[in-house]
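So this one's upload.cif, mmCIF, C-alpha atoms:
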```
data_input
loop_
_atom_site.label_atom_id
_atom_site.label_comp_id
_atom_site.auth_asym_id
_atom_site.auth_seq_id
_atom_site.Cartn_x
_atom_site.Cartn_y
_atom_site.Cartn_z
CA MET A 1054 -77.04 2.02 -8.72
CA ILE A 1055 -80.81 2.09 -8.59
CA ARG A 1056 -80.78 3.92 -11.89
CA SER A 1057 -78.64 1.30 -13.60
CA ILE A 1058 -80.90 -1.45 -12.27
CA LEU A 1059 -83.83 0.45 -13.67
CA VAL A 1060 -82.14 0.80 -17.06
CA VAL A 1061 -81.37 -2.90 -17.11
CA ALA A 1062 -84.95 -3.68 -16.12
CA VAL A 1063 -86.31 -1.46 -18.88
CA CYS A 1064 -83.94 -3.02 -21.42
CA MET A 1065 -85.01 -6.49 -20.39
CA PHE A 1066 -88.62 -5.51 -20.71
CA VAL A 1067 -88.01 -4.14 -24.21
CA LEU A 1068 -86.14 -7.31 -25.18
CA VAL A 1069 -88.94 -9.51 -23.92
CA ALA A 1070 -91.55 -7.35 -25.63
CA ALA A 1071 -89.62 -7.32 -28.90
CA SER A 1072 -88.82 -11.03 -29.05
CA PRO A 1073 -90.91 -12.85 -31.65
CA VAL A 1074 -94.06 -14.38 -30.26
CA ARG A 1075 -93.85 -17.53 -32.32
CA VAL A 1076 -90.87 -19.72 -32.95
CA GLY A 1077 -90.86 -22.97 -34.82
CA TYR A 1078 -89.53 -24.84 -37.77
CA GLU A 1079 -89.53 -23.52 -41.27
CA VAL A 1080 -89.40 -25.71 -44.37
CA GLY A 1081 -85.87 -27.16 -44.65
CA ASP A 1082 -85.15 -27.03 -40.91
CA THR A 1083 -83.87 -30.11 -39.11
CA VAL A 1084 -86.29 -31.47 -36.52
CA ALA A 1085 -84.99 -32.16 -33.01
CA ASP A 1086 -85.69 -35.72 -31.92
CA PHE A 1087 -88.55 -36.21 -29.47
CA LYS A 1088 -89.68 -39.08 -27.29
CA LEU A 1089 -93.24 -39.15 -25.99
CA LYS A 1090 -95.66 -41.57 -24.36
CA ASN A 1091 -98.00 -43.41 -26.72
CA THR A 1092 -101.56 -44.46 -25.84
CA ASP A 1093 -100.29 -48.05 -25.40
CA GLY A 1094 -98.06 -46.85 -22.55
CA LYS A 1095 -94.82 -47.24 -24.52
CA MET A 1096 -92.45 -44.43 -25.42
CA VAL A 1097 -92.09 -43.53 -29.11
CA ALA A 1098 -89.23 -41.44 -30.51
CA LEU A 1099 -88.88 -40.01 -34.00
CA SER A 1100 -85.40 -41.55 -34.10
CA ASP A 1101 -87.00 -45.02 -33.70
CA TYR A 1102 -87.88 -44.88 -37.40
CA LYS A 1103 -84.43 -45.71 -38.72
CA GLU A 1104 -85.58 -47.10 -42.08
CA ALA A 1105 -88.12 -44.36 -42.79
CA LYS A 1106 -87.85 -42.11 -45.83
CA GLY A 1107 -89.82 -39.49 -43.95
CA ALA A 1108 -92.68 -39.06 -41.51
CA ILE A 1109 -96.03 -37.33 -41.20
CA VAL A 1110 -96.35 -35.58 -37.84
CA ILE A 1111 -99.81 -34.17 -37.14
CA PHE A 1112 -100.63 -32.14 -34.04
CA ASP A 1113 -104.15 -33.27 -33.25
CA CYS A 1114 -106.55 -33.75 -30.33
CA ASN A 1115 -109.82 -35.40 -29.29
CA THR A 1116 -111.93 -32.30 -28.90
CA CYS A 1117 -111.47 -29.87 -31.79
CA PRO A 1118 -114.32 -29.86 -34.37
CA TYR A 1119 -111.70 -29.63 -37.12
CA SER A 1120 -109.89 -32.67 -35.76
CA LYS A 1121 -113.22 -34.51 -35.77
CA ALA A 1122 -113.94 -33.40 -39.33
CA TYR A 1123 -110.53 -34.70 -40.40
CA ASN A 1124 -110.47 -37.87 -38.29
CA ASN A 1125 -111.44 -40.32 -41.05
CA ARG A 1126 -108.93 -38.71 -43.38
CA ILE A 1127 -106.19 -38.95 -40.75
CA VAL A 1128 -106.93 -42.65 -40.15
CA ALA A 1129 -106.84 -43.16 -43.93
CA LEU A 1130 -103.40 -41.51 -44.09
CA GLY A 1131 -102.18 -44.00 -41.50
CA LYS A 1132 -103.46 -46.87 -43.65
CA LYS A 1133 -102.11 -45.49 -46.92
CA TYR A 1134 -98.47 -45.24 -45.86
CA THR A 1135 -96.58 -48.09 -44.29
CA SER A 1136 -95.41 -47.38 -40.77
CA LYS A 1137 -91.90 -48.55 -41.54
CA THR A 1138 -91.10 -46.28 -44.48
CA PHE A 1139 -93.42 -43.32 -43.89
CA PRO A 1140 -94.95 -43.41 -40.41
CA LEU A 1141 -97.89 -41.27 -39.34
CA ILE A 1142 -97.33 -39.86 -35.84
CA LEU A 1143 -100.11 -37.92 -34.08
CA VAL A 1144 -99.08 -35.62 -31.25
CA GLN A 1145 -101.58 -34.27 -28.72
CA SER A 1146 -100.28 -31.08 -27.05
CA ASN A 1147 -103.38 -29.49 -25.48
CA ASP A 1148 -103.06 -28.84 -21.76
CA PRO A 1149 -105.64 -31.15 -20.12
CA SER A 1150 -106.31 -28.69 -17.30
CA ILE A 1151 -107.69 -26.31 -19.93
CA SER A 1152 -109.09 -28.98 -22.23
CA PRO A 1153 -110.12 -31.92 -19.98
CA GLY A 1154 -111.29 -33.95 -22.99
CA ASP A 1155 -107.65 -34.18 -24.08
CA SER A 1156 -106.20 -35.89 -21.00
CA TYR A 1157 -103.99 -38.95 -21.47
CA ASP A 1158 -106.82 -41.26 -20.36
CA GLU A 1159 -109.18 -39.67 -22.87
CA MET A 1160 -106.52 -40.05 -25.56
CA VAL A 1161 -106.26 -43.77 -24.78
CA LYS A 1162 -110.05 -44.14 -25.19
CA TYR A 1163 -110.14 -42.03 -28.33
CA ALA A 1164 -107.36 -44.00 -29.99
CA ALA A 1165 -109.14 -47.28 -29.20
CA ASN A 1166 -112.56 -46.04 -30.37
CA HIS A 1167 -111.20 -44.70 -33.63
CA GLY A 1168 -109.00 -47.66 -34.47
CA TYR A 1169 -105.68 -45.86 -34.37
CA ASP A 1170 -102.97 -48.27 -35.52
CA PHE A 1171 -100.36 -45.49 -35.43
CA PRO A 1172 -98.84 -43.62 -32.48
CA TYR A 1173 -100.97 -41.02 -30.69
CA LEU A 1174 -98.46 -39.32 -28.41
CA PHE A 1175 -99.02 -37.12 -25.38
CA ASP A 1176 -96.87 -33.97 -25.45
CA GLU A 1177 -97.35 -33.22 -21.77
CA THR A 1178 -94.73 -30.46 -21.55
CA GLN A 1179 -95.94 -28.97 -24.86
CA ASN A 1180 -92.29 -28.69 -25.86
CA VAL A 1181 -92.69 -30.66 -29.08
CA ALA A 1182 -95.51 -28.36 -30.25
CA LYS A 1183 -93.39 -25.35 -29.29
CA ASN A 1184 -90.34 -26.66 -31.16
CA PHE A 1185 -92.40 -27.33 -34.25
CA GLY A 1186 -94.24 -24.02 -33.98
CA ALA A 1187 -97.55 -25.86 -34.16
CA THR A 1188 -100.50 -23.55 -33.56
CA ASN A 1189 -103.65 -25.41 -34.58
CA THR A 1190 -105.23 -28.82 -34.56
CA PRO A 1191 -104.89 -30.56 -36.89
CA HIS A 1192 -101.57 -29.03 -37.95
CA ALA A 1193 -99.55 -31.25 -40.27
CA PHE A 1194 -95.80 -31.49 -40.86
CA VAL A 1195 -94.33 -33.73 -43.53
CA LEU A 1196 -90.71 -34.64 -42.79
CA LYS A 1197 -88.04 -35.89 -45.15
CA LYS A 1198 -85.20 -38.10 -44.00
CA ASP A 1199 -81.81 -36.64 -44.88
CA GLY A 1200 -79.03 -38.95 -43.70
CA SER A 1201 -80.05 -39.63 -40.13
CA ALA A 1202 -81.86 -36.29 -39.73
CA PHE A 1203 -85.52 -35.49 -40.34
CA LYS A 1204 -86.04 -32.21 -42.19
CA VAL A 1205 -89.27 -30.30 -42.68
CA ALA A 1206 -90.69 -30.61 -46.22
CA TYR A 1207 -94.23 -29.31 -45.68
CA ILE A 1208 -96.14 -27.37 -43.00
CA GLY A 1209 -99.86 -26.73 -42.87
CA ALA A 1210 -103.28 -28.17 -43.61
CA ILE A 1211 -104.01 -31.78 -44.58
CA ASP A 1212 -105.99 -30.66 -47.63
CA ASP A 1213 -107.96 -27.68 -48.90
CA ASN A 1214 -111.47 -28.50 -47.66
CA ALA A 1215 -112.13 -29.11 -43.97
CA LYS A 1216 -115.89 -29.49 -44.16
CA ASP A 1217 -116.20 -31.78 -47.16
CA ALA A 1218 -113.70 -34.53 -47.90
CA SER A 1219 -115.38 -35.24 -51.23
CA ALA A 1220 -114.84 -31.64 -52.39
CA VAL A 1221 -111.09 -31.64 -51.76
CA THR A 1222 -109.06 -30.49 -54.76
CA LYS A 1223 -105.59 -30.28 -53.19
CA ARG A 1224 -104.24 -33.06 -50.96
CA TYR A 1225 -101.31 -31.13 -49.52
CA VAL A 1226 -99.99 -33.81 -47.16
CA GLU A 1227 -100.28 -36.68 -49.65
CA ASP A 1228 -98.67 -34.58 -52.38
CA ALA A 1229 -95.78 -33.70 -50.06
CA VAL A 1230 -95.30 -37.36 -49.06
CA ASP A 1231 -95.30 -38.40 -52.72
CA ALA A 1232 -92.76 -35.68 -53.51
CA VAL A 1233 -90.48 -36.77 -50.64
CA THR A 1234 -90.78 -40.42 -51.66
CA ASN A 1235 -89.78 -39.49 -55.22
CA ASN A 1236 -86.92 -37.32 -53.99
CA LYS A 1237 -88.54 -34.11 -55.19
CA ALA A 1238 -89.47 -30.90 -53.44
CA ALA A 1239 -93.15 -30.60 -52.53
CA ALA A 1240 -95.08 -28.35 -54.95
CA THR A 1241 -96.75 -26.63 -52.00
CA THR A 1242 -94.55 -26.36 -48.93
CA LYS A 1243 -96.66 -24.18 -46.66
CA THR A 1244 -100.41 -23.62 -46.23
CA LYS A 1245 -102.70 -22.03 -43.69
CA ALA A 1246 -106.06 -23.20 -42.42
CA ILE A 1247 -108.74 -22.16 -39.96
CA GLY A 1248 -108.61 -24.30 -36.83
CA CYS A 1249 -108.61 -24.62 -33.06
CA THR A 1250 -105.65 -23.15 -31.21
CA ILE A 1251 -103.46 -25.50 -29.23
CA LYS A 1252 -104.52 -24.97 -25.60
CA TRP A 1253 -101.32 -23.75 -23.92
CA ALA A 1254 -100.76 -24.10 -20.19
CA GLU A 1255 -101.37 -20.79 -18.43
CA MET B 291 -154.17 -18.66 -29.93
CA LYS B 292 -153.47 -14.96 -30.03
CA LYS B 293 -150.72 -15.45 -27.51
CA LEU B 294 -149.16 -18.19 -29.61
CA LEU B 295 -149.28 -15.96 -32.68
CA THR B 296 -147.61 -13.15 -30.80
CA THR B 297 -144.93 -15.53 -29.59
CA LEU B 298 -144.39 -16.85 -33.08
CA LEU B 299 -144.21 -13.34 -34.50
CA LEU B 300 -141.80 -12.32 -31.80
CA ALA B 301 -139.60 -15.35 -32.41
CA GLY B 302 -139.68 -14.59 -36.13
CA ALA B 303 -138.74 -10.99 -35.49
CA LEU B 304 -135.85 -12.05 -33.26
CA THR B 305 -134.45 -14.39 -35.90
CA ALA B 306 -134.84 -11.70 -38.54
CA THR B 307 -132.90 -9.25 -36.36
CA ALA B 308 -130.15 -11.79 -35.83
CA GLN B 309 -129.96 -12.36 -39.57
CA GLU B 310 -129.72 -8.65 -40.25
CA GLN B 311 -127.13 -8.32 -37.57
CA ALA B 312 -125.04 -11.21 -38.85
CA LYS B 313 -124.49 -10.33 -42.46
CA MET B 314 -122.64 -12.62 -44.88
CA VAL B 315 -119.65 -10.91 -46.42
CA LYS B 316 -117.00 -11.73 -48.98
CA LEU B 317 -113.31 -11.03 -48.49
CA PRO B 318 -113.20 -7.63 -50.31
CA GLU B 319 -115.84 -6.22 -47.95
CA LEU B 320 -113.88 -7.43 -44.95
CA GLN B 321 -110.66 -5.99 -46.35
CA GLU B 322 -112.42 -2.67 -46.84
CA LEU B 323 -113.46 -2.74 -43.19
CA ILE B 324 -109.83 -3.38 -42.21
CA THR B 325 -108.26 -0.71 -44.43
CA SER B 326 -110.88 2.07 -44.33
CA THR B 327 -109.65 5.25 -42.63
CA GLY B 328 -111.43 7.27 -40.00
CA ASP B 329 -111.15 8.55 -36.46
CA ASN B 330 -111.91 5.45 -34.46
CA ILE B 331 -110.14 2.35 -33.25
CA LYS B 332 -111.30 -0.81 -34.97
CA VAL B 333 -111.30 -4.08 -33.07
CA ILE B 334 -111.96 -7.02 -35.34
CA ASN B 335 -112.32 -10.40 -33.69
CA PHE B 336 -112.33 -13.68 -35.61
CA TRP B 337 -114.36 -16.39 -33.94
CA ALA B 338 -116.65 -19.37 -34.45
CA THR B 339 -119.53 -20.85 -32.46
CA TRP B 340 -117.58 -24.12 -31.97
CA CYS B 341 -114.54 -22.30 -30.55
CA ALA B 342 -114.75 -22.40 -26.74
CA PRO B 343 -112.05 -19.78 -26.02
CA CYS B 344 -113.75 -17.46 -28.55
CA VAL B 345 -117.07 -17.74 -26.77
CA LYS B 346 -115.33 -17.23 -23.44
CA GLU B 347 -113.64 -13.98 -24.44
CA MET B 348 -116.65 -12.57 -26.29
CA PRO B 349 -118.10 -10.63 -23.31
CA LEU B 350 -114.86 -8.59 -23.27
CA PHE B 351 -115.54 -7.39 -26.82
CA GLU B 352 -119.19 -6.71 -26.07
CA LYS B 353 -118.27 -4.67 -23.01
CA LEU B 354 -115.58 -2.76 -24.89
CA GLY B 355 -117.98 -1.82 -27.68
CA GLN B 356 -120.54 -0.53 -25.21
CA GLU B 357 -118.12 1.37 -22.99
CA ARG B 358 -115.90 3.01 -25.59
CA LYS B 359 -117.56 5.21 -28.16
CA ASP B 360 -114.21 5.62 -29.96
CA VAL B 361 -113.97 1.87 -30.54
CA LYS B 362 -115.83 -0.03 -33.24
CA VAL B 363 -116.07 -3.75 -32.52
CA THR B 364 -116.75 -6.25 -35.30
CA LEU B 365 -117.09 -9.97 -34.66
CA VAL B 366 -116.28 -11.96 -37.79
CA SER B 367 -117.58 -15.53 -37.70
CA LEU B 368 -115.63 -18.18 -39.58
CA ASP B 369 -118.25 -20.86 -38.96
CA LEU B 370 -118.94 -21.36 -42.67
CA ASP B 371 -115.52 -22.94 -43.10
CA LEU B 372 -116.81 -26.04 -41.30
CA ASP B 373 -120.59 -25.77 -41.67
CA PRO B 374 -122.23 -24.26 -44.78
CA ASP B 375 -125.41 -23.32 -42.86
CA PRO B 376 -125.25 -19.91 -41.09
CA ALA B 377 -128.25 -20.80 -38.85
CA LYS B 378 -125.98 -21.70 -35.93
CA VAL B 379 -124.43 -18.24 -36.01
CA HIS B 380 -127.85 -16.55 -36.20
CA LYS B 381 -129.07 -18.55 -33.21
CA PHE B 382 -125.92 -17.77 -31.27
CA VAL B 383 -126.24 -14.03 -31.96
CA ALA B 384 -129.89 -14.08 -30.84
CA ARG B 385 -129.26 -16.21 -27.75
CA LYS B 386 -126.32 -14.15 -26.54
CA LYS B 387 -128.12 -10.93 -27.55
CA LEU B 388 -124.91 -9.67 -29.14
CA GLN B 389 -124.74 -5.92 -29.52
CA SER B 390 -121.59 -5.72 -31.64
CA GLN B 391 -121.65 -5.91 -35.41
CA VAL B 392 -121.42 -9.55 -36.50
CA LEU B 393 -120.24 -10.59 -39.95
CA ILE B 394 -120.10 -14.11 -41.38
CA LEU B 395 -117.21 -14.60 -43.76
CA ASP B 396 -118.47 -16.41 -46.85
CA GLU B 397 -115.30 -17.60 -48.56
CA LYS B 398 -114.11 -21.01 -49.66
CA ASP B 399 -110.34 -21.37 -49.52
CA PRO B 400 -108.83 -20.34 -46.15
CA ASN B 401 -105.35 -20.85 -47.52
CA SER B 402 -105.86 -17.88 -49.80
CA TYR B 403 -107.87 -15.54 -47.58
CA ILE B 404 -106.08 -15.93 -44.21
CA GLU B 405 -102.95 -14.31 -45.55
CA GLN B 406 -104.91 -11.50 -47.15
CA ILE B 407 -106.45 -10.65 -43.80
CA GLU B 408 -103.24 -10.86 -41.75
CA LYS B 409 -99.87 -12.20 -42.95
CA THR B 410 -98.72 -13.59 -39.59
CA TRP B 411 -102.00 -15.39 -38.83
CA SER B 412 -101.80 -19.21 -38.85
CA GLY B 413 -105.59 -19.45 -39.02
CA ALA B 414 -106.07 -20.54 -35.41
CA LEU B 415 -109.04 -19.10 -33.54
CA PRO B 416 -109.58 -16.85 -31.71
CA ALA B 417 -107.65 -14.06 -33.41
CA THR B 418 -108.03 -10.31 -33.05
CA ILE B 419 -106.83 -7.29 -35.02
CA ILE B 420 -106.72 -3.85 -33.41
CA ILE B 421 -106.36 -0.94 -35.82
CA ASN B 422 -105.99 2.77 -35.34
CA SER B 423 -107.94 3.84 -38.42
CA LYS B 424 -106.27 7.26 -38.49
CA THR B 425 -102.62 6.12 -38.45
CA GLY B 426 -103.12 2.59 -39.77
CA GLN B 427 -101.12 1.25 -36.82
CA ARG B 428 -102.22 -2.26 -35.96
CA LYS B 429 -101.79 -5.10 -33.51
CA PHE B 430 -102.58 -8.74 -34.08
CA VAL B 431 -103.09 -11.44 -31.49
CA GLU B 432 -103.79 -15.10 -32.12
CA ARG B 433 -105.03 -16.35 -28.77
CA GLU B 434 -107.73 -15.86 -26.16
CA LEU B 435 -107.66 -12.43 -24.50
CA HIS B 436 -108.22 -11.78 -20.83
CA GLU B 437 -109.71 -8.90 -18.85
CA GLY B 438 -107.79 -5.66 -19.40
CA GLU B 439 -105.72 -6.88 -22.37
CA LEU B 440 -107.86 -5.23 -25.04
CA GLU B 441 -107.49 -1.85 -23.37
CA LYS B 442 -103.71 -2.33 -23.29
CA LEU B 443 -103.57 -3.30 -26.95
CA ILE B 444 -105.70 -0.28 -27.87
CA ALA B 445 -103.36 2.00 -25.91
CA GLU B 446 -100.44 0.56 -27.89
CA VAL B 447 -101.88 1.73 -31.20
CA GLN B 448 -102.98 5.14 -29.91
#
```

Whole structure given in structure tokens:
Amino acid sequence: MIRSILVVAVCMFVLVAASPVRVGYEVGDTVADFKLKNTDGKMVALSDYKEAKGAIVIFDCNTCPYSKAYNNRIVALGKKYTSKTFPLILVQSNDPSISPGDSYDEMVKYAANHGYDFPYLFDETQNVAKNFGATNTPHAFVLKKDGSAFKVAYIGAIDDNAKDASAVTKRYVEDAVDAVTNNKAAATTKTKAIGCTIKWAE
Amino acid sequence: MKKLLTTLLLAGALTATAQEQAKMVKLPELQELITSTGDNIKVINFWATWCAPCVKEMPLFEKLGQERKDVKVTLVSLDLDLDPDPAKVHKFVARKKLQSQVLILDEKDPNSYIEQIEKTWSGALPATIIINSKTGQRKFVERELHEGELEKLIAEVQ
């Protein structure tokens, strides 16, 4: 009896140890709907955007130097695409007990100070970041509407130069949005970039 | 006056040491460090001065390098990705009196080099590779490490 319990325990341990560390969407996957609290106190769901052709979801925060470097470019993305047809949705998933500068109250201030006229949502349970497989801030996902579902068209960096917006040669997110709008596949569907980790609850 | 001169000289010497200690490298040199064979365990940590969890876990790497003669610790700064001036890294190395080897990666396009360093790496910092340079066995972690975890990871490649 004790032996079989031990065997089961060992098996479970092996299973846990062998399970992949990271899960998340790949390009082409359907995104599960989410509903999170915006900085204006209202709830925003992906499924609210019934007329959209797609969406840009960026995992972002107040505190990461990369998020700061990209802030003007993110605000510009929000201005470039109309919220009805291609909304920009920022999601903040850092655990505020680890990163106090990313609390809901700080998000509200940050959104006001930086003129956000797009949703900046608080992913308190971190489940949205986990579902997406977001790891960094800013970590961008371009979604394409397929029937009533949103499918992933692009995952990765906003562009190819974090430190210097004027030296950018590849605008990955804008290119992916243009491709989705024109019913084409994005030329680049996945990129990697240096960045801050999402601060997971311990 | 003499005292001031001595101080200035000393300060200069300190900065010079930090600069020597934190060498700028290109990707091929870093890849060579990763793939070279030998008898030791290589622990290569990717960090940046702006990365709070990186700075927090750094004493663990410093301690490991001093305690284990069979382990070679290298701290690879990715600061240049956001700031072209390496001065911040030099100051950090001098201020923290880092004993481990520090390299500053001098490359432009992260999207091309991240994958060449480690396929599963998203690019988030901190990240650490542990390699048994005899067998080539390696472990990769993309998060902050806590007390005792490095020793466990090393045991897993031994």

Radius query 9 Å about (-92.8, -47.5, -43.9), atoms used: only C-alpha atoms, as number ranges by chain = A: 1102, 1104-1108, 1134-1140

Return as a compact mmCIF listing (two decimals) with C-alpha atoms, in the coordinates of the input the residues belonging to chain B that are within 6 Å of chain A, counting only C-alpha atoms.
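Result file follows (selection04.txt):
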```txt
# COMPACT_ATOMS: atom_id res chain seq x y z
CA LEU B 372 -116.81 -26.04 -41.30
CA PRO B 400 -108.83 -20.34 -46.15
CA ASN B 401 -105.35 -20.85 -47.52
CA SER B 412 -101.80 -19.21 -38.85
CA GLY B 413 -105.59 -19.45 -39.02
CA ALA B 414 -106.07 -20.54 -35.41
CA LEU B 415 -109.04 -19.10 -33.54
```

Non-local contacts of Phe351 (chain B) (12 Å; all atoms listed in the file; under 2 positions in same chain excluded) as a PyMOL selection string = chain B and resi 332-337+344-349+353-358+361-366+388-392+418-420+434-441

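Going from CA of Leu1130 (chain A) to CA of Ile1109 (chain A) covers 9.0 Å.
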
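The neighbours of Leu317 (chain B) here are the residues that come within 9 Å of it, using only C-alpha atoms and leaving out any residue fewer than 6 positions away in the same chain; they are Leu395, Asp396, Glu397, Tyr403, Gln406 and Ile407 of chain B.
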
Quick one: of B:Lys387, B:Phe382, B:Pro343, B:Asp371, who's nearest to Glu432 (chain B), counting only C-alpha atoms?
-> B:Pro343

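Reported to one decimal place, the separation of CA of Glu1255 (chain A) from CA of Asn1180 (chain A) is 14.1 Å.
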
Residues in the PyMOL selection byres ((chain A and resi 1170) around 12), expressed as a PyMOL selection string = chain A and resi 1091-1093+1127-1136+1140-1143+1163-1169+1171-1173

Any chance you could model N, CA, C and O atoms for region 316-331 of chain B and send them as a JSON list (two decimals), in the coordinates of the input?
```json
[["chain", "number", "residue", "atom", "x", "y", "z"],
["B", 316, "LYS", "N", -118.12, -11.15, -48.24],
["B", 316, "LYS", "CA", -117.00, -11.73, -48.98],
["B", 316, "LYS", "C", -115.72, -11.02, -48.53],
["B", 316, "LYS", "O", -115.77, -9.97, -47.89],
["B", 317, "LEU", "N", -114.60, -11.57, -48.92],
["B", 317, "LEU", "CA", -113.31, -11.03, -48.49],
["B", 317, "LEU", "C", -113.12, -9.53, -48.80],
["B", 317, "LEU", "O", -112.67, -8.79, -47.92],
["B", 318, "PRO", "N", -113.46, -9.04, -50.02],
["B", 318, "PRO", "CA", -113.20, -7.63, -50.31],
["B", 318, "PRO", "C", -113.89, -6.68, -49.31],
["B", 318, "PRO", "O", -113.31, -5.67, -48.92],
["B", 319, "GLU", "N", -115.11, -7.06, -48.90],
["B", 319, "GLU", "CA", -115.84, -6.22, -47.95],
["B", 319, "GLU", "C", -115.13, -6.20, -46.60],
["B", 319, "GLU", "O", -115.04, -5.16, -45.94],
["B", 320, "LEU", "N", -114.62, -7.34, -46.21],
["B", 320, "LEU", "CA", -113.88, -7.43, -44.95],
["B", 320, "LEU", "C", -112.57, -6.63, -45.03],
["B", 320, "LEU", "O", -112.20, -5.92, -44.10],
["B", 321, "GLN", "N", -111.91, -6.74, -46.18],
["B", 321, "GLN", "CA", -110.66, -5.99, -46.35],
["B", 321, "GLN", "C", -110.91, -4.49, -46.30],
["B", 321, "GLN", "O", -110.12, -3.74, -45.76],
["B", 322, "GLU", "N", -112.06, -4.09, -46.86],
["B", 322, "GLU", "CA", -112.42, -2.67, -46.84],
["B", 322, "GLU", "C", -112.60, -2.20, -45.39],
["B", 322, "GLU", "O", -112.15, -1.14, -45.00],
["B", 323, "LEU", "N", -113.25, -3.05, -44.60],
["B", 323, "LEU", "CA", -113.46, -2.74, -43.19],
["B", 323, "LEU", "C", -112.10, -2.57, -42.49],
["B", 323, "LEU", "O", -111.91, -1.68, -41.66],
["B", 324, "ILE", "N", -111.14, -3.42, -42.85],
["B", 324, "ILE", "CA", -109.83, -3.38, -42.21],
["B", 324, "ILE", "C", -109.04, -2.13, -42.64],
["B", 324, "ILE", "O", -108.41, -1.48, -41.82],
["B", 325, "THR", "N", -109.12, -1.78, -43.92],
["B", 325, "THR", "CA", -108.26, -0.71, -44.43],
["B", 325, "THR", "C", -108.89, 0.67, -44.42],
["B", 325, "THR", "O", -108.18, 1.67, -44.55],
["B", 326, "SER", "N", -110.22, 0.76, -44.27],
["B", 326, "SER", "CA", -110.88, 2.07, -44.33],
["B", 326, "SER", "C", -110.32, 2.99, -43.25],
["B", 326, "SER", "O", -109.98, 2.57, -42.15],
["B", 327, "THR", "N", -110.20, 4.29, -43.59],
["B", 327, "THR", "CA", -109.65, 5.25, -42.63],
["B", 327, "THR", "C", -110.77, 5.99, -41.92],
["B", 327, "THR", "O", -111.91, 6.04, -42.39],
["B", 328, "GLY", "N", -110.43, 6.55, -40.79],
["B", 328, "GLY", "CA", -111.43, 7.27, -40.00],
["B", 328, "GLY", "C", -110.81, 7.75, -38.71],
["B", 328, "GLY", "O", -109.58, 7.86, -38.61],
["B", 329, "ASP", "N", -111.65, 8.01, -37.72],
["B", 329, "ASP", "CA", -111.15, 8.55, -36.46],
["B", 329, "ASP", "C", -111.12, 7.51, -35.35],
["B", 329, "ASP", "O", -110.56, 7.75, -34.29],
["B", 330, "ASN", "N", -111.72, 6.38, -35.58],
["B", 330, "ASN", "CA", -111.91, 5.45, -34.46],
["B", 330, "ASN", "C", -110.84, 4.37, -34.40],
["B", 330, "ASN", "O", -109.93, 4.29, -35.22],
["B", 331, "ILE", "N", -110.97, 3.55, -33.39],
["B", 331, "ILE", "CA", -110.14, 2.35, -33.25],
["B", 331, "ILE", "C", -111.04, 1.19, -33.67],
["B", 331, "ILE", "O", -112.17, 1.07, -33.19]]
```
